[in-house]
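start23.cif (mmCIF, C-alpha atoms) appears below.
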data_protein
#
loop_
_atom_site.label_atom_id
_atom_site.label_comp_id
_atom_site.auth_asym_id
_atom_site.auth_seq_id
_atom_site.Cartn_x
_atom_site.Cartn_y
_atom_site.Cartn_z
CA MET A 27 116.98 -12.61 70.10
CA PRO A 28 119.87 -10.14 70.49
CA LEU A 29 118.11 -7.30 72.37
CA VAL A 30 116.30 -8.07 75.60
CA VAL A 31 114.68 -5.70 78.09
CA LEU A 32 115.61 -7.25 81.42
CA ALA A 33 114.30 -4.77 83.95
CA GLN A 34 112.07 -1.77 83.91
CA ASN A 35 110.84 0.44 86.70
CA THR A 36 107.07 0.11 87.03
CA ASN A 37 106.68 3.71 88.16
CA ASN A 38 103.85 5.31 86.15
CA ASP A 39 105.91 8.48 85.66
CA SER A 40 107.43 7.56 82.29
CA GLU A 41 110.12 10.25 82.56
CA ASN A 42 111.71 8.52 85.56
CA ARG A 43 111.62 5.04 84.08
CA ILE A 44 114.92 3.22 84.05
CA ILE A 45 115.18 0.98 81.03
CA SER A 46 117.76 -1.80 80.94
CA VAL A 47 118.63 -3.69 77.77
CA ILE A 48 121.29 -6.30 77.09
CA ASP A 49 122.59 -6.37 73.53
CA SER A 50 124.23 -9.67 72.66
CA THR A 51 124.28 -9.05 68.93
CA HIS A 52 128.01 -9.72 68.97
CA ALA A 53 128.16 -13.39 69.95
CA ASN A 54 131.09 -13.16 72.36
CA ASN A 55 130.10 -9.97 74.17
CA MET A 56 127.15 -8.31 75.85
CA VAL A 57 126.54 -4.58 76.24
CA LEU A 58 124.33 -3.44 79.11
CA LYS A 59 122.49 -0.24 78.12
CA GLN A 60 120.58 1.60 80.83
CA SER A 61 118.89 4.94 80.33
CA PHE A 62 116.78 7.42 82.22
CA VAL A 63 115.58 11.02 82.14
CA VAL A 64 116.06 13.40 85.04
CA ASN A 65 114.30 16.76 85.38
CA VAL A 66 117.36 18.95 85.94
CA PRO A 67 119.86 20.74 83.68
CA LYS A 68 122.70 18.70 82.22
CA ASP A 69 125.28 20.62 84.31
CA SER A 70 123.72 19.24 87.49
CA VAL A 71 123.93 15.64 86.26
CA TRP A 72 127.51 16.12 85.06
CA ASN A 73 128.54 17.52 88.47
CA ALA A 74 126.96 14.53 90.22
CA TYR A 75 129.31 12.22 88.26
CA THR A 76 132.47 14.32 88.37
CA THR A 77 132.77 15.87 91.85
CA LYS A 78 133.32 14.61 95.38
CA LYS A 79 130.15 16.38 96.57
CA GLY A 80 128.21 14.83 93.70
CA TRP A 81 129.30 11.23 94.36
CA GLU A 82 128.76 11.55 98.12
CA SER A 83 125.29 13.00 97.56
CA TRP A 84 123.85 10.09 95.58
CA ALA A 85 126.23 7.18 95.13
CA THR A 86 128.61 6.45 97.99
CA ALA A 87 129.32 7.23 101.61
CA MET A 88 132.68 8.75 100.66
CA ALA A 89 134.63 9.66 97.56
CA GLU A 90 138.01 10.98 96.53
CA ILE A 91 138.10 12.50 93.04
CA ASP A 92 140.99 13.43 90.75
CA PHE A 93 138.85 14.24 87.75
CA LYS A 94 140.92 14.46 84.58
CA ILE A 95 141.81 12.15 81.70
CA ASN A 96 143.74 9.29 83.34
CA GLY A 97 142.38 10.53 86.67
CA ILE A 98 140.84 8.40 89.41
CA ILE A 99 137.54 8.27 91.27
CA LYS A 100 137.83 6.29 94.51
CA THR A 101 134.62 5.48 96.36
CA ASN A 102 133.55 3.54 99.40
CA TYR A 103 129.96 2.53 100.12
CA ASN A 104 130.87 1.58 103.71
CA LYS A 105 130.21 4.61 105.92
CA ASN A 106 132.51 3.06 108.54
CA GLY A 107 135.27 2.43 106.00
CA LYS A 108 137.85 4.74 104.54
CA ILE A 109 139.23 5.45 101.09
CA GLY A 110 142.00 2.93 100.46
CA ASP A 111 140.62 0.06 102.55
CA ASP A 112 139.47 -3.28 101.08
CA SER A 113 136.00 -1.96 100.30
CA THR A 114 137.27 0.95 98.15
CA ILE A 115 136.21 0.88 94.51
CA THR A 116 138.64 2.58 92.12
CA LEU A 117 137.39 3.90 88.80
CA HIS A 118 139.82 5.19 86.20
CA VAL A 119 138.72 8.16 84.10
CA VAL A 120 139.64 6.88 80.64
CA ASN A 121 138.36 9.92 78.76
CA TYR A 122 135.57 12.45 78.64
CA ILE A 123 134.00 15.23 76.64
CA PRO A 124 132.82 17.83 79.16
CA LYS A 125 129.10 17.53 79.89
CA GLN A 126 128.61 15.05 77.04
CA MET A 127 130.46 11.77 77.60
CA LEU A 128 132.44 10.02 80.32
CA THR A 129 134.26 6.67 80.07
CA LEU A 130 135.22 4.85 83.28
CA GLN A 131 137.08 1.60 83.92
CA ALA A 132 136.91 -0.15 87.29
CA GLU A 133 139.79 -1.93 88.96
CA ILE A 134 138.62 -5.46 89.65
CA THR A 135 139.21 -6.17 93.34
CA LYS A 136 138.40 -9.15 95.52
CA ASN A 137 134.88 -7.73 95.91
CA PHE A 138 134.16 -8.66 92.28
CA PRO A 139 133.85 -12.24 91.00
CA SER A 140 137.38 -13.56 90.34
CA PHE A 141 136.63 -14.46 86.69
CA MET A 142 136.22 -10.74 85.93
CA LYS A 143 139.92 -10.12 86.67
CA ASP A 144 140.88 -11.78 83.37
CA ASP A 145 138.58 -9.37 81.52
CA GLU A 146 139.45 -6.24 83.50
CA LYS A 147 141.13 -4.38 80.60
CA GLU A 148 138.07 -4.92 78.39
CA LEU A 149 135.39 -3.70 80.84
CA PHE A 150 134.24 -0.08 80.51
CA ASN A 151 131.31 2.11 81.46
CA MET A 152 130.51 4.84 78.91
CA ILE A 153 128.00 7.43 80.07
CA LEU A 154 126.34 9.86 77.66
CA PHE A 155 124.66 13.09 78.84
CA GLY A 156 122.10 14.70 76.53
CA SER A 157 119.94 17.79 76.96
CA ILE A 158 116.29 17.24 76.18
CA SER A 159 115.54 20.81 77.27
CA ALA A 160 117.16 23.43 79.52
CA ILE A 161 115.79 21.57 82.55
CA LYS A 162 115.64 17.95 81.40
CA THR A 163 118.57 15.57 80.78
CA LYS A 164 118.75 12.08 79.31
CA VAL A 165 121.49 9.79 80.61
CA ILE A 166 122.53 6.62 78.77
CA SER A 167 125.02 4.26 80.40
CA TYR A 168 126.72 1.49 78.41
CA GLY A 169 128.43 -1.35 80.29
CA ILE A 170 130.86 -2.65 77.68
CA GLY A 171 132.99 -5.79 77.63
CA TYR A 172 130.83 -8.32 79.44
CA LYS A 173 131.29 -11.80 78.03
CA ASN A 174 128.30 -13.66 76.62
CA ASN A 175 128.72 -16.79 78.73
CA GLU A 176 127.16 -18.58 81.68
CA LYS A 177 129.43 -16.87 84.23
CA TYR A 178 128.33 -13.37 83.26
CA LYS A 179 124.59 -13.94 82.80
CA PRO A 180 123.72 -14.02 86.54
CA LEU A 181 126.10 -11.12 87.11
CA MET A 182 124.16 -9.02 84.60
CA LYS A 183 121.03 -9.28 86.76
CA PHE A 184 123.06 -8.05 89.74
CA PHE A 185 124.42 -5.07 87.78
CA ILE A 186 120.99 -4.21 86.36
CA GLN A 187 119.40 -4.13 89.80
CA GLY A 188 122.31 -2.37 91.51
CA ASN A 189 122.70 0.24 88.80
CA ALA A 190 118.93 0.88 88.67
CA GLU A 191 118.92 1.49 92.43
CA SER A 192 121.83 3.93 92.03
CA TYR A 193 120.05 5.73 89.19
CA ARG A 194 116.85 6.05 91.24
CA ASN A 195 118.98 7.52 94.02
CA LEU A 196 120.60 9.95 91.56
CA ILE A 197 117.21 11.03 90.20
CA ALA A 198 115.84 11.54 93.73
CA TYR A 199 118.89 13.54 94.80
CA LEU A 200 118.92 15.76 91.72
CA GLU A 201 115.19 16.41 91.63
CA THR A 202 114.55 16.79 95.38
CA GLY A 203 117.96 17.30 96.98
CA ILE A 204 117.38 14.16 99.05
CA PRO A 205 118.77 10.78 97.97
CA SER A 206 116.33 7.88 98.27
CA VAL A 207 118.95 5.73 100.03
CA LYS A 208 121.53 6.85 102.58
CA TYR A 209 124.80 4.95 102.64
#
Just give me the structure as C-alpha cells.
Amino acid sequence: MPLVVLAQNTNNDSENRIISVIDSTHANNMVLKQSFVVNVPKDSVWNAYTTKKGWESWATAMAEIDFKINGIIKTNYNKNGKIGDDSTITLHVVNYIPKQMLTLQAEITKNFPSFMKDDEKELFNMILFGSISAIKTKVISYGIGYKNNEKYKPLMKFFIQGNAESYRNLIAYLETGIPSVKY
C-alpha cells in the first residue's frame, strides 16, 4: 500500500483540514505530502514564508532572512536563544518561483537524529502555493528524501505532528492575525 493518510485534523471546517500522506511508491524513499487551504490571498502566504516578520509571526520566536536563491533562513524557536546558538535551525533557499514554489534544505544539526546527517544532501522541502480564488490559497508541502526504513518511520510521525501544528499556527495567524501558539 504505497499511499497512506497518517494524520488528519478532525476539525469540521473542511477548508482548514491538514492532510498528511506518505508516498512510499519508490521502495527506497518516502515523500511526506501535507496540504491545507487558507482563506487569504496567495501574497499573504508567500510573505509568511519569505520574510522575517512572516516567520516570527507564525513559526519561530526569531528569524534572520536572506531570501534569494542560495540564500539562508535562520530560525530559533527558543525565545531565550539567539540566532547562531545551538538551537538555531538553518534552511538554505535552494530555488523558488515567486509566489508559486519554494525549495528549502535544512542543515542537519545535533538537534536532529544523527542518522539524518548521512542523508542531508538528499533532504528537501518543496512548497507549492496555488490560488483557489483571490482570497483563498492552497499550500502543498513535499518532504522529499526520507528513507523508507525503520529509522525514518517513527521520525515521520514526529514531522507530521510538528508540521501540522505549524500549519495550524500559520492558518490562525493569516486568518485572524493571532497565531494559535506563541513561541
- Of the residues A:Lys183, A:Lys173, A:Lys100, A:Lys147, which is the one nearest to A:Ser50, using only C-alpha atoms?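 Between A:Lys183, A:Lys173, A:Lys100, A:Lys147, the residue approaching A:Ser50 most closely is A:Lys173.
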- Mind pulling up the distance from atom CA of A:Glu133 to atom CA of A:Gly156?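 For atom CA of A:Gly156 relative to atom CA of A:Glu133, the distance reads 27.3 Å.
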- Quick one: apply the PyMOL selection byres ((chain A and resi 130) around 7) to the file and drop the selected residues here as a PyMOL selection string. chain A and resi 117-120+128-129+131-132+150-152
Based on the selection just made, write C-alpha atoms of those residues as a PDB file, keeping the file's coordinate frame.
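The resulting part35.pdb:
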ATOM      1  CA  LEU A 117     137.390   3.900  88.800  1.00  0.00           C
ATOM      2  CA  HIS A 118     139.820   5.190  86.200  1.00  0.00           C
ATOM      3  CA  VAL A 119     138.720   8.160  84.100  1.00  0.00           C
ATOM      4  CA  VAL A 120     139.640   6.880  80.640  1.00  0.00           C
ATOM      5  CA  LEU A 128     132.440  10.020  80.320  1.00  0.00           C
ATOM      6  CA  THR A 129     134.260   6.670  80.070  1.00  0.00           C
ATOM      7  CA  GLN A 131     137.080   1.600  83.920  1.00  0.00           C
ATOM      8  CA  ALA A 132     136.910  -0.150  87.290  1.00  0.00           C
ATOM      9  CA  PHE A 150     134.240  -0.080  80.510  1.00  0.00           C
ATOM     10  CA  ASN A 151     131.310   2.110  81.460  1.00  0.00           C
ATOM     11  CA  MET A 152     130.510   4.840  78.910  1.00  0.00           C
TER      12      MET A 152
END
- Task: List every protein, DNA or RNA residue that has an atom no more than 9 Å from (125.8, -2.2, 79.3) in the file's coordinate frame, counting all atoms listed in the file, and report them as a list in words.
- Result: Ser46, Val47, Ile48, Asp49, Met56, Val57, Leu58, Lys59, Gln60, Phe150, Asn151, Met152, Ser167, Tyr168, Gly169, Ile170, Gly171, Tyr172, Met182 and Ile186 of chain A
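For A:Val63, the residues within 12 Å (counting only C-alpha atoms, excluding itself and residues fewer than 5 positions away along the chain) are Asp39, Ser40, Glu41, Asn42, Arg43, Ile44, Ile45, Lys68, Val71, Leu154, Phe155, Gly156, Ser157, Ile158, Ser159, Ile161, Lys162, Thr163, Lys164, Val165, Ile166, Ser167, Tyr193, Arg194, Leu196, Ile197, Ala198, Leu200 and Glu201 of chain A.
Atom CA of A:Gly203 sits 13.1 Å away from atom CA of A:Trp81.
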- Message: Counting all atoms listed in the file, which residue out of A:Asn96, A:Thr101, A:Ser140, A:Thr135 sits closest to A:Asn121?
- Response: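 Closest to A:Asn121 of all the choices is A:Asn96.
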- Message: Taking all atoms listed in the file into account, name the residue in A:Lys179, A:Lys79, A:Lys125, A:Lys136 that is nearest to A:Pro67.
- Response: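 The closest residue to A:Pro67 is A:Lys125.
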- Query: Could you work out how far atom CA of A:Glu82 lies from atom CA of A:Glu191, giving the answer in Å with one decimal?
  - Reply: 15.2 Å
- Would you kindly return, as a list in words, each protein, DNA or RNA residue with an atom no farther than 8 Å from any atom of A:Lys108, considering all atoms listed in the file and excluding same-chain residues fewer than 6 positions away?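 Using all atoms listed in the file, the neighbours found are Met88, Asn102 and Thr114 of chain A.
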- Item | Best match for closeness to A:Ser70 among A:Phe138, A:Asn189, A:Tyr178, A:Ala160, counting only C-alpha atoms |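 The shortest atom-to-atom distance to A:Ser70 comes from A:Ala160.
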- Query: Residues picked by the PyMOL selection byres ((chain A and resi 91) around 7) here, as a PyMOL selection string?
  - Reply: chain A and resi 77-78+89-90+92-93+98-100
Preceding selection exported with C-alpha atoms as a compact mmCIF listing (two decimals), in the coordinates of the input:
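This is the output file again.txt:
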# COMPACT_ATOMS: atom_id res chain seq x y z
CA THR A 77 132.77 15.87 91.85
CA LYS A 78 133.32 14.61 95.38
CA ALA A 89 134.63 9.66 97.56
CA GLU A 90 138.01 10.98 96.53
CA ASP A 92 140.99 13.43 90.75
CA PHE A 93 138.85 14.24 87.75
CA ILE A 98 140.84 8.40 89.41
CA ILE A 99 137.54 8.27 91.27
CA LYS A 100 137.83 6.29 94.51
- Task: Take the point (128.3, 10.8, 93.6) in the file's coordinates, draw a sphere of radius 6 Å around it, and report as a PyMOL selection string every protein, DNA or RNA residue with an atom inside or on it, counting all atoms listed in the file.
- Result: chain A and resi 74-75+80-85
Selection file, C-alpha atoms, as a compact mmCIF listing (two decimals), in the coordinates of the input:
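As a result, result_23.txt now contains:
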# COMPACT_ATOMS: atom_id res chain seq x y z
CA ALA A 74 126.96 14.53 90.22
CA TYR A 75 129.31 12.22 88.26
CA GLY A 80 128.21 14.83 93.70
CA TRP A 81 129.30 11.23 94.36
CA GLU A 82 128.76 11.55 98.12
CA SER A 83 125.29 13.00 97.56
CA TRP A 84 123.85 10.09 95.58
CA ALA A 85 126.23 7.18 95.13
- Write out as a list of chain:residue names the residues lying within 7 Å of A:Ile134, counting only C-alpha atoms and excluding same-chain residues fewer than 3 positions away. A:Phe138, A:Met142, A:Lys143, A:Glu146
Where atoms are absent from stretch 168-191 of chain A, fill them in so it carries N, CA and C atoms, then output it as a tab-separated table (two decimals), in the coordinates of the input.
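Below you can see result-v7.tsv, which holds the result:
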chain	number	residue	atom	x	y	z
A	168	TYR	N	126.40	2.73	79.11
A	168	TYR	CA	126.72	1.49	78.41
A	168	TYR	C	127.79	0.74	79.20
A	169	GLY	N	127.45	-0.45	79.70
A	169	GLY	CA	128.43	-1.35	80.29
A	169	GLY	C	128.98	-2.20	79.17
A	170	ILE	N	130.25	-2.04	78.86
A	170	ILE	CA	130.86	-2.65	77.68
A	170	ILE	C	131.91	-3.68	78.10
A	171	GLY	N	131.94	-4.81	77.42
A	171	GLY	CA	132.99	-5.79	77.63
A	171	GLY	C	132.57	-7.04	78.37
A	172	TYR	N	131.31	-7.11	78.78
A	172	TYR	CA	130.83	-8.32	79.44
A	172	TYR	C	130.83	-9.47	78.45
A	173	LYS	N	131.23	-10.62	78.91
A	173	LYS	CA	131.29	-11.80	78.03
A	173	LYS	C	129.92	-12.47	77.97
A	174	ASN	N	129.57	-12.97	76.82
A	174	ASN	CA	128.30	-13.66	76.62
A	174	ASN	C	128.50	-15.13	76.96
A	175	ASN	N	128.54	-15.41	78.28
A	175	ASN	CA	128.72	-16.79	78.73
A	175	ASN	C	127.96	-17.00	80.04
A	176	GLU	N	127.95	-18.21	80.50
A	176	GLU	CA	127.16	-18.58	81.68
A	176	GLU	C	127.66	-17.92	82.96
A	177	LYS	N	128.92	-17.54	83.04
A	177	LYS	CA	129.43	-16.87	84.23
A	177	LYS	C	128.87	-15.45	84.36
A	178	TYR	N	128.75	-14.77	83.23
A	178	TYR	CA	128.33	-13.37	83.26
A	178	TYR	C	126.82	-13.18	83.33
A	179	LYS	N	126.05	-14.14	82.86
A	179	LYS	CA	124.59	-13.94	82.80
A	179	LYS	C	123.97	-13.65	84.17
A	180	PRO	N	124.29	-14.39	85.23
A	180	PRO	CA	123.72	-14.02	86.54
A	180	PRO	C	124.26	-12.68	87.05
A	181	LEU	N	125.49	-12.38	86.69
A	181	LEU	CA	126.10	-11.12	87.11
A	181	LEU	C	125.37	-9.93	86.48
A	182	MET	N	124.88	-10.10	85.27
A	182	MET	CA	124.16	-9.02	84.60
A	182	MET	C	122.92	-8.62	85.40
A	183	LYS	N	122.21	-9.59	85.94
A	183	LYS	CA	121.03	-9.28	86.76
A	183	LYS	C	121.43	-8.45	87.97
A	184	PHE	N	122.56	-8.80	88.59
A	184	PHE	CA	123.06	-8.05	89.74
A	184	PHE	C	123.36	-6.60	89.35
A	185	PHE	N	124.08	-6.42	88.22
A	185	PHE	CA	124.42	-5.07	87.78
A	185	PHE	C	123.18	-4.27	87.39
A	186	ILE	N	122.22	-4.91	86.74
A	186	ILE	CA	120.99	-4.21	86.36
A	186	ILE	C	120.28	-3.69	87.60
A	187	GLN	N	120.11	-4.54	88.59
A	187	GLN	CA	119.40	-4.13	89.80
A	187	GLN	C	120.18	-3.09	90.59
A	188	GLY	N	121.49	-3.31	90.75
A	188	GLY	CA	122.31	-2.37	91.51
A	188	GLY	C	122.40	-1.02	90.84
A	189	ASN	N	122.62	-1.02	89.53
A	189	ASN	CA	122.70	0.24	88.80
A	189	ASN	C	121.36	0.97	88.83
A	190	ALA	N	120.26	0.24	88.65
A	190	ALA	CA	118.93	0.88	88.67
A	190	ALA	C	118.68	1.55	90.02
A	191	GLU	N	119.07	0.90	91.10
A	191	GLU	CA	118.92	1.49	92.43
A	191	GLU	C	119.76	2.77	92.54
